[in-house]
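Undergrad: So that we are looking at the same thing, I have put the structure below in structure tokens.
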Amino acid sequence: MASWTKKALPSCVSSITRDDKRIPKGYLPIVLVRDDQGDEETRVLVRVKDLKEPCLAALLELAEEQFGYGQQGVLRVPCDVERFEHVVNMARKSKAAR
């Protein structure tokens with residue numbers, strides 16, 4: 001399995017650039033799964049404190065609807081990288097406006 005990557009995502013998403021499988025404290029690993037291609041996955045790390053943002057909370061609700069609460073292992077979210085970048089940017093703008 002690939003290491004956790006950033007793929008040029010905004011600052012609320014972090015990365016581990018080496019093949020280290022440990023997750024830093026305060027981060028949640030998420031696997032982004034494209035809606036139309038269930039086999040294409042991107043692994044990212046998101047700061048836990050950013051999950052309270054409404055944009056990211058909406059993605060968690062989508063994950064619950066599609067995969068349910070009983071997911072085993074890493075949280076899977078039905079979202080492609082481009083959409084995820086957009087959601088994260090919206091969350092950052094929301095924080096800056098406060």
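Every chain in the structure tokens has a letter given in the order shown (A, B, ...), and although residue numbers restart at 1 in each chain, ligands are simply numbered from 1 in the order shown.
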Residues within 6 Å of segment 46-52 of chain A, please, as a list in words. Count only C-alpha atoms; anything in the same chain fewer than 4 positions from it doesn't count.

TA: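 Contacts, in chain order: Val13, Gly26, Tyr27, Leu28, Leu56 and Ala57 of chain A.
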
Undergrad: So that I can check the surroundings of segment 62-75 of chain A, please list as a PyMOL selection string every protein, DNA and RNA residue that reaches within 7 Å of it, counting only C-alpha atoms and ignoring chain neighbours fewer than 3 positions away.

TA: chain A and resi 29-31+58-59+78

Undergrad: Ranking A:Cys55, A:Leu45, A:Ala96, A:Val33 by minimum distance to Val81 of chain A and counting only C-alpha atoms, which one comes first?

TA: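 Checking each candidate against Val81 of chain A, we get A:Val33 as the closest.
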
Undergrad: Just how far from atom CA of Glu53 of chain A is atom CA of Cys79 of chain A, in Å to one decimal?

TA: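 Spanning atom CA of Cys79 of chain A to atom CA of Glu53 of chain A is a straight-line distance of 16.6 Å.
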
Undergrad: By how many Å are atom CA of Glu61 of chain A and atom CA of Lys25 of chain A apart?

TA: 23.5 Å

Undergrad: Enter the distance from atom CA of Val77 of chain A to atom CA of Thr42 of chain A, in Å, rounded to one decimal.

TA: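 Going from atom CA of Val77 of chain A over to atom CA of Thr42 of chain A, I get 10.0 Å.
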
Undergrad: Select, from A:Leu32, A:Ile23, A:Ala97, A:Leu60, the residue with the minimum atom-to-atom distance to Glu82 of chain A, counting only C-alpha atoms.

TA: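 Once distances to Glu82 of chain A are computed over only C-alpha atoms, the minimum belongs to A:Leu32.
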
Undergrad: Can you list every residue in segment 22-82 of chain A that DSSP puts in alpha helix (DSSP H), as a count of residues only?

TA: 16
